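Here the structure is laid out as structure tokens; the discussion comes afterwards.
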Amino acid sequence: MYAAGTQVWLAFGLYLAATFYFAYLAHRKTPKTGFMEDFFVAGRSIGPWVLGLTWIATAASGGTFIGSPALGHSYGWSVMLWICSYMVVATTGFGLFGKRVAELGARTGALTFPDLLRDRFDSRAIGTVSGVAIIILYIAYLVAQYVAGARVIEAVLGVPYHWGVLGFALTVSLYTAYGGFRAVAWTDAFQAIVMLTGVLITVFFAIRKLGGLQAVYEGLEVQTPDLLTTPGPGDFLPIPTAISFFCIWALASAAQPSTITRFLACRDTKAIKRACFLIGIYISLLYPCIIGIGIMGRVLVPDLAAADHATPATILAVVPPVLAGFVLAAPLAAIMSTISSFLLVTSSAIVRDLYERNLPERLTEKRARNLSYLATFSVAGIALAFALQPPDFLQFIVVFASTGLAATFFFPTLLGVYWPRMNKAGCMAGIAGGFLSFLLQYVSFGTRSFGGFDPFVWSMIVSLACVVAASLATPPGAEGLRERYFPKAQGQAARPVLRLRAIRHTMGSAPST
Amino acid sequence: MRSLRPSLARVRGGGVAAKHPWPPATSGKRSLTLRRAARDIISASLFGPQVASDYRSSRREAIVAGIIFVVACAWVIGTCAVLGYGQPVHSIGGIPNWALWGIFLPWMACFAANIWYSLIFIRDEDEPNQPPPAGKVE
């Protein structure tokens with residue numbers, strides 16, 4: 001524990017009260033009927049601001065606020081290269097999946113990510129397999145978030161680790177179950193604002209206290225010049241690893257079931273466009289500043305009990321006490337928003353994908369409601385049990401869960417929504433190839449596989465090859481299914497010759513009348 | 001030549017010839033038309049025109065997002081590999097030189113690209129979540 005007073009406790013209390021208030025407001029808007037659609041995708045009514053903020057709040061996790069600054073504290077400027085593919089995250093995330101997934105979701109009625117794949121390929125097995133994969137990997141991710149949250153509470157407030165984990169599990173599962181997706185989205189939006197404000201305040205006070213970026217540079221140079229260059233101390237980031245992480249952050253964020261679910265809930269194309277714009281600004285402010293906190297923390301508080309304490313220790317070292325409580329809510333907000341989103345995606349995988357879609361008839365409203373609540377609390381309880389024995393390296397658990405999911409689902413989803421020739425066999429082969437190759441490499445080589453690349457890179461290539469080879473080697477899917485997902489153009493204007501002639505005239509002289 | 005007029009109007013994105021009389025009134029409008037025409041040529045060459053407009057525009061947008069990703073990756077990794085990794089480092093305003101040219105400059109470029117992409121390039125669909133009505137194609 002570094003320092004904490006009544007003001008910090010009070011600010012935490014106010015933050016939690018505001019979060020529950022948003023959940024309450026969301027619950028009041030819940031309609032009496034259509035529970036499943038409202039609980040899991042908020043009736044497809046999410047507008048641009050909430051869509052953008054919930055998307056980024058889900059993507060920014062405990063790893064972002066605790067693990068990344070910890071790496072910045074340990075390895076200096078090289079971590080800026082490690083994280084920098086966030087410069088394209090908005091474009092790739094929204095460009096590759098946003099509009100297309102939103103269109104298909106509304107057209108087919110998909111409520112969850114496995115729903116989307118299952119309906120696209122008309123395969124119960126694909127829905128079940130993807131649901132099970134989500135449950136296993138997201139529980140691992142939830143464990144990492146509980147650990148991160150409890151460590152923040154432990155460092156700042158002196159609350160024992162086990163009580164911190166318990167408090168996190170209870171608080172987040174309560175408001176997630178109470179308000180469903182709408183509550184998660186609204187609280188995410190509030191938490192995203194808290195996160196950005198907290199980070200900007202910290203960076204402002206840290207730079208002011210240190211006397212500018214040049215002073216930070218000189219402070220690091222005095223400690224060890226390796227902190228200023230790549231690959232960083234201890235060969236932290238060789239070039240193949242840098243390439244790997246450029247792919248990981250940009251593509252893994254795009255293909256997360258939790259972020260794809262956001263697109264299923266959005267209102268229209270305008271919401272996608274504006275959210276993409278908003279997220280571009282948000283990320284460009286947030287991520288360099290987060291790593292900056294870790295780097296400046298190395299100069300301000302070089303000796304820490306654990307590297308994961310870099311964020312709270314830096315905040316408490318530079319931010320005036322009257323603001324510190326509010327700023328310290330930023331990492332908690334990141335963690336809570338990710339937990340709530342993942343809880344909902346995992347419980348939806350249980351209720352919708354493993355249970356309801358395998359029943360002969362639809363669930364009644366009451367039963368769906370009870371099962372959703374039960375699934376949410378059960379998943380929270382399982383993750384809590386694992387989190388009580390905390391792992392050593394938080395960030396690598398996050399990387400494992402996020403990259404494992406992306407390696408499993410990126411190409412099956414991407415080609416599934418864009419390639420008409422892809423079929424059920426291709427999807428299953430892509431999922432199996434990606435997951436198994438990732439698992440085998442991780443078990444055999446850890447985070448550096450062949451050529452020094454992360455297992456994610458090779459798993460993506462294996463998954464792509466499996467999708468293409470299996471799809472081409474087997475008959476295409478049913479014509480009706482393809483027509484539903486890839487409707488043909490109608491009318492004369494679709495003919496290419498006419499269009500190209502018209503374009504030629506547009507670019508050349510004016511046609512005679 | 002007269003038979004081309006409806007197609008030409010659709011290329012401009014209007015769908016109704018009366019909305020877009022030929023020739024365009026100003027050079028600015030012509031420039032806009034040329035940009036749309038170029039975009040449609042690329043789109044038609046890559047994908048063929050036999051698909052509905054919402055699917056086709058989504059696919060085109062995904063391709064461009066992929067190109068932005070690849071260009072950014074090449075810029076970042078290439079520059080950092082040349083200026084960092086064993087090369088002497090010096091400060092430019094408190095930022096290591098490799099980080100300024102290899103991270104912050106491409107980040108600003110990607111920021112600008114995202115603004116263009118999100119506000120201009122992504123096409124609005126009137127009813128994005130519905131199948132396109134008959135005849136409404138690019």
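All residue names refer to the structure tokens as shown: chains lettered A, B, ... in order, residues numbered from 1 in each chain, ligands numbered from 1 in order.
Residues in contact range of segment 441-450 of chain A, defined as at most 9 Å between only C-alpha atoms, with sequence neighbours fewer than 2 positions away removed, read Pro240, Thr241, Phe396, Phe400, Leu436, Ser437, Phe438, Leu439, Gly452, Phe453, Asp454, Pro455, Phe456, Trp458 and Ser459 of chain A.
Coordinates place atom CA of Ile66 of chain A at a distance of 28.9 Å from atom CA of Val70 of chain B.
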**Q.** Residue neighbourhood Thr79 of chain B, 10 Å, only C-alpha atoms, exclusion window fewer than 2 positions, as a list in words
**A.** Cys73, Ala74, Trp75, Val76, Ile77, Ala81, Val82, Leu83, Gly84, Trp98, Ala99, Leu100, Trp101, Gly102, Ile103 and Pro106 of chain B
Q.
Neighbouring residues of Val318 of chain A were defined as those with any atom within 8 Å, considering only C-alpha atoms; residues of the same chain fewer than 3 positions away were excluded. Please report them as a count of residues only.
A. 6
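Considering the residues A:Ile56, A:Ile201, A:Val216, A:Val222 and counting only C-alpha atoms, Met296 of chain A has its shortest atom-to-atom contact with A:Val216.
Atom CA of Val79 of chain A to atom CA of Phe204 of chain A spans 20.1 Å [interatomic distance, one decimal].
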Q: Find the residues near Val89 of chain B: any atom within 12 Å, counting only C-alpha atoms, skip ones fewer than 5 places away on the same chain, and give them as a VMD selection string.
A: (chain A and resid 77 217 221 225 to 230) or (chain B and resid 80 82 to 84 94 to 100)
Q: Write out as a list in words which residues come within 9 Å of Ala407 of chain A when counting only C-alpha atoms, dropping same-chain ones fewer than 2 positions away.
A: Ala252, Ala255, Ser402, Thr403, Gly404, Leu405, Phe409, Phe410, Phe411, Ile431, Gly433, Gly434, Phe435, Ser437, Phe438, Pro455, Phe456, Val457, Trp458, Ser459, Met460, Ile461 and Ser463 of chain A
Q.
So that I can see what lies close to segment 114-126 of chain A, please list as a ChimeraX atom specification the residues with an atom at most 8 Å from it, counting only C-alpha atoms and leaving out residues fewer than 6 positions away in the same chain.
A. /A:104-105,108,349,353,357-358,413,416-417,423-424,427-428,477,481,485
Since we have the selection now, will you write its residues out, keeping N, CA, C and O atoms, as a PDB file, in the first residue's frame?
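The resulting file, result35.pdb, is reproduced below:
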ATOM      1  N   LEU A 104     -25.700  -8.426 -40.940  1.00  0.00           N
ATOM      2  CA  LEU A 104     -26.075  -9.835 -40.858  1.00  0.00           C
ATOM      3  C   LEU A 104     -26.827 -10.136 -39.567  1.00  0.00           C
ATOM      4  O   LEU A 104     -27.751 -10.940 -39.547  1.00  0.00           O
ATOM      5  N   GLY A 105     -26.411  -9.491 -38.480  1.00  0.00           N
ATOM      6  CA  GLY A 105     -27.076  -9.725 -37.201  1.00  0.00           C
ATOM      7  C   GLY A 105     -28.554  -9.372 -37.275  1.00  0.00           C
ATOM      8  O   GLY A 105     -29.423 -10.139 -36.855  1.00  0.00           O
ATOM      9  N   THR A 108     -30.461 -11.776 -39.771  1.00  0.00           N
ATOM     10  CA  THR A 108     -30.661 -13.176 -39.381  1.00  0.00           C
ATOM     11  C   THR A 108     -31.163 -13.323 -37.946  1.00  0.00           C
ATOM     12  O   THR A 108     -31.513 -14.416 -37.544  1.00  0.00           O
ATOM     13  N   ALA A 349     -23.272 -17.415 -24.034  1.00  0.00           N
ATOM     14  CA  ALA A 349     -22.823 -18.644 -24.701  1.00  0.00           C
ATOM     15  C   ALA A 349     -23.455 -19.864 -24.034  1.00  0.00           C
ATOM     16  O   ALA A 349     -23.823 -20.827 -24.704  1.00  0.00           O
ATOM     17  N   ASP A 353     -26.349 -20.376 -26.638  1.00  0.00           N
ATOM     18  CA  ASP A 353     -25.698 -21.241 -27.626  1.00  0.00           C
ATOM     19  C   ASP A 353     -25.641 -22.705 -27.204  1.00  0.00           C
ATOM     20  O   ASP A 353     -25.761 -23.584 -28.031  1.00  0.00           O
ATOM     21  N   ARG A 357     -30.399 -22.998 -28.072  1.00  0.00           N
ATOM     22  CA  ARG A 357     -30.359 -23.377 -29.484  1.00  0.00           C
ATOM     23  C   ARG A 357     -30.338 -24.888 -29.696  1.00  0.00           C
ATOM     24  O   ARG A 357     -30.471 -25.353 -30.821  1.00  0.00           O
ATOM     25  N   ASN A 358     -30.160 -25.635 -28.616  1.00  0.00           N
ATOM     26  CA  ASN A 358     -30.208 -27.088 -28.737  1.00  0.00           C
ATOM     27  C   ASN A 358     -31.518 -27.662 -28.208  1.00  0.00           C
ATOM     28  O   ASN A 358     -31.672 -28.876 -28.122  1.00  0.00           O
ATOM     29  N   THR A 413     -14.462 -16.298 -39.042  1.00  0.00           N
ATOM     30  CA  THR A 413     -15.485 -15.252 -39.029  1.00  0.00           C
ATOM     31  C   THR A 413     -15.326 -14.329 -40.234  1.00  0.00           C
ATOM     32  O   THR A 413     -16.307 -14.020 -40.931  1.00  0.00           O
ATOM     33  N   GLY A 416     -16.114 -16.111 -43.339  1.00  0.00           N
ATOM     34  CA  GLY A 416     -17.526 -16.507 -43.255  1.00  0.00           C
ATOM     35  C   GLY A 416     -18.469 -15.397 -43.664  1.00  0.00           C
ATOM     36  O   GLY A 416     -19.486 -15.638 -44.317  1.00  0.00           O
ATOM     37  N   VAL A 417     -18.148 -14.181 -43.311  1.00  0.00           N
ATOM     38  CA  VAL A 417     -19.068 -13.086 -43.643  1.00  0.00           C
ATOM     39  C   VAL A 417     -18.774 -12.457 -45.006  1.00  0.00           C
ATOM     40  O   VAL A 417     -19.605 -11.711 -45.525  1.00  0.00           O
ATOM     41  N   ASN A 423     -17.715 -22.835 -46.562  1.00  0.00           N
ATOM     42  CA  ASN A 423     -18.795 -23.713 -46.091  1.00  0.00           C
ATOM     43  C   ASN A 423     -18.519 -24.219 -44.668  1.00  0.00           C
ATOM     44  O   ASN A 423     -17.547 -23.805 -44.035  1.00  0.00           O
ATOM     45  N   LYS A 424     -19.393 -25.094 -44.231  1.00  0.00           N
ATOM     46  CA  LYS A 424     -19.323 -25.611 -42.858  1.00  0.00           C
ATOM     47  C   LYS A 424     -17.982 -26.296 -42.578  1.00  0.00           C
ATOM     48  O   LYS A 424     -17.359 -26.076 -41.545  1.00  0.00           O
ATOM     49  N   CYS A 427     -15.265 -23.802 -42.039  1.00  0.00           N
ATOM     50  CA  CYS A 427     -15.349 -23.125 -40.741  1.00  0.00           C
ATOM     51  C   CYS A 427     -14.818 -24.023 -39.625  1.00  0.00           C
ATOM     52  O   CYS A 427     -14.006 -23.588 -38.796  1.00  0.00           O
ATOM     53  N   MET A 428     -15.256 -25.274 -39.640  1.00  0.00           N
ATOM     54  CA  MET A 428     -14.795 -26.196 -38.588  1.00  0.00           C
ATOM     55  C   MET A 428     -13.279 -26.398 -38.670  1.00  0.00           C
ATOM     56  O   MET A 428     -12.582 -26.418 -37.642  1.00  0.00           O
ATOM     57  N   GLY A 477     -21.863 -24.542 -49.747  1.00  0.00           N
ATOM     58  CA  GLY A 477     -23.064 -24.619 -48.922  1.00  0.00           C
ATOM     59  C   GLY A 477     -24.327 -24.522 -49.769  1.00  0.00           C
ATOM     60  O   GLY A 477     -24.267 -24.277 -50.980  1.00  0.00           O
ATOM     61  N   LEU A 481     -28.869 -20.697 -48.598  1.00  0.00           N
ATOM     62  CA  LEU A 481     -28.095 -20.088 -47.510  1.00  0.00           C
ATOM     63  C   LEU A 481     -27.180 -18.992 -48.059  1.00  0.00           C
ATOM     64  O   LEU A 481     -27.079 -17.895 -47.506  1.00  0.00           O
ATOM     65  N   TYR A 485     -27.166 -14.760 -47.379  1.00  0.00           N
ATOM     66  CA  TYR A 485     -26.048 -13.983 -46.841  1.00  0.00           C
ATOM     67  C   TYR A 485     -25.356 -13.126 -47.886  1.00  0.00           C
ATOM     68  O   TYR A 485     -24.741 -12.123 -47.558  1.00  0.00           O
TER      69      TYR A 485
END
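The space separating atom CA of Ala169 of chain A from atom CA of Arg151 of chain A comes to 13.6 Å.
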Q: Per DSSP on the backbone, filter segment 185-421 of chain A down to the residues in alpha helix (DSSP H) and report them as number ranges by chain.
A: A: 185-210, 213-223, 239-247, 253-254, 257-264, 269-300, 310-318, 321-348, 365-387, 394-418
(Q) Measuring between only C-alpha atoms, which one of B:Trp116, B:Phe121, B:Phe104, B:Tyr85 shows the shortest distance to chain A? (A) B:Tyr85
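Distances to chain B were evaluated for A:Ala307, A:Met87, A:Ala380, A:Leu440 using only C-alpha atoms, and the minimum falls at A:Met87.
Here the question is which of A:Ala465, A:Cys84, A:Ala275, A:Leu25 gets nearest to Leu105 of chain B using only C-alpha atoms, and that residue is A:Cys84.
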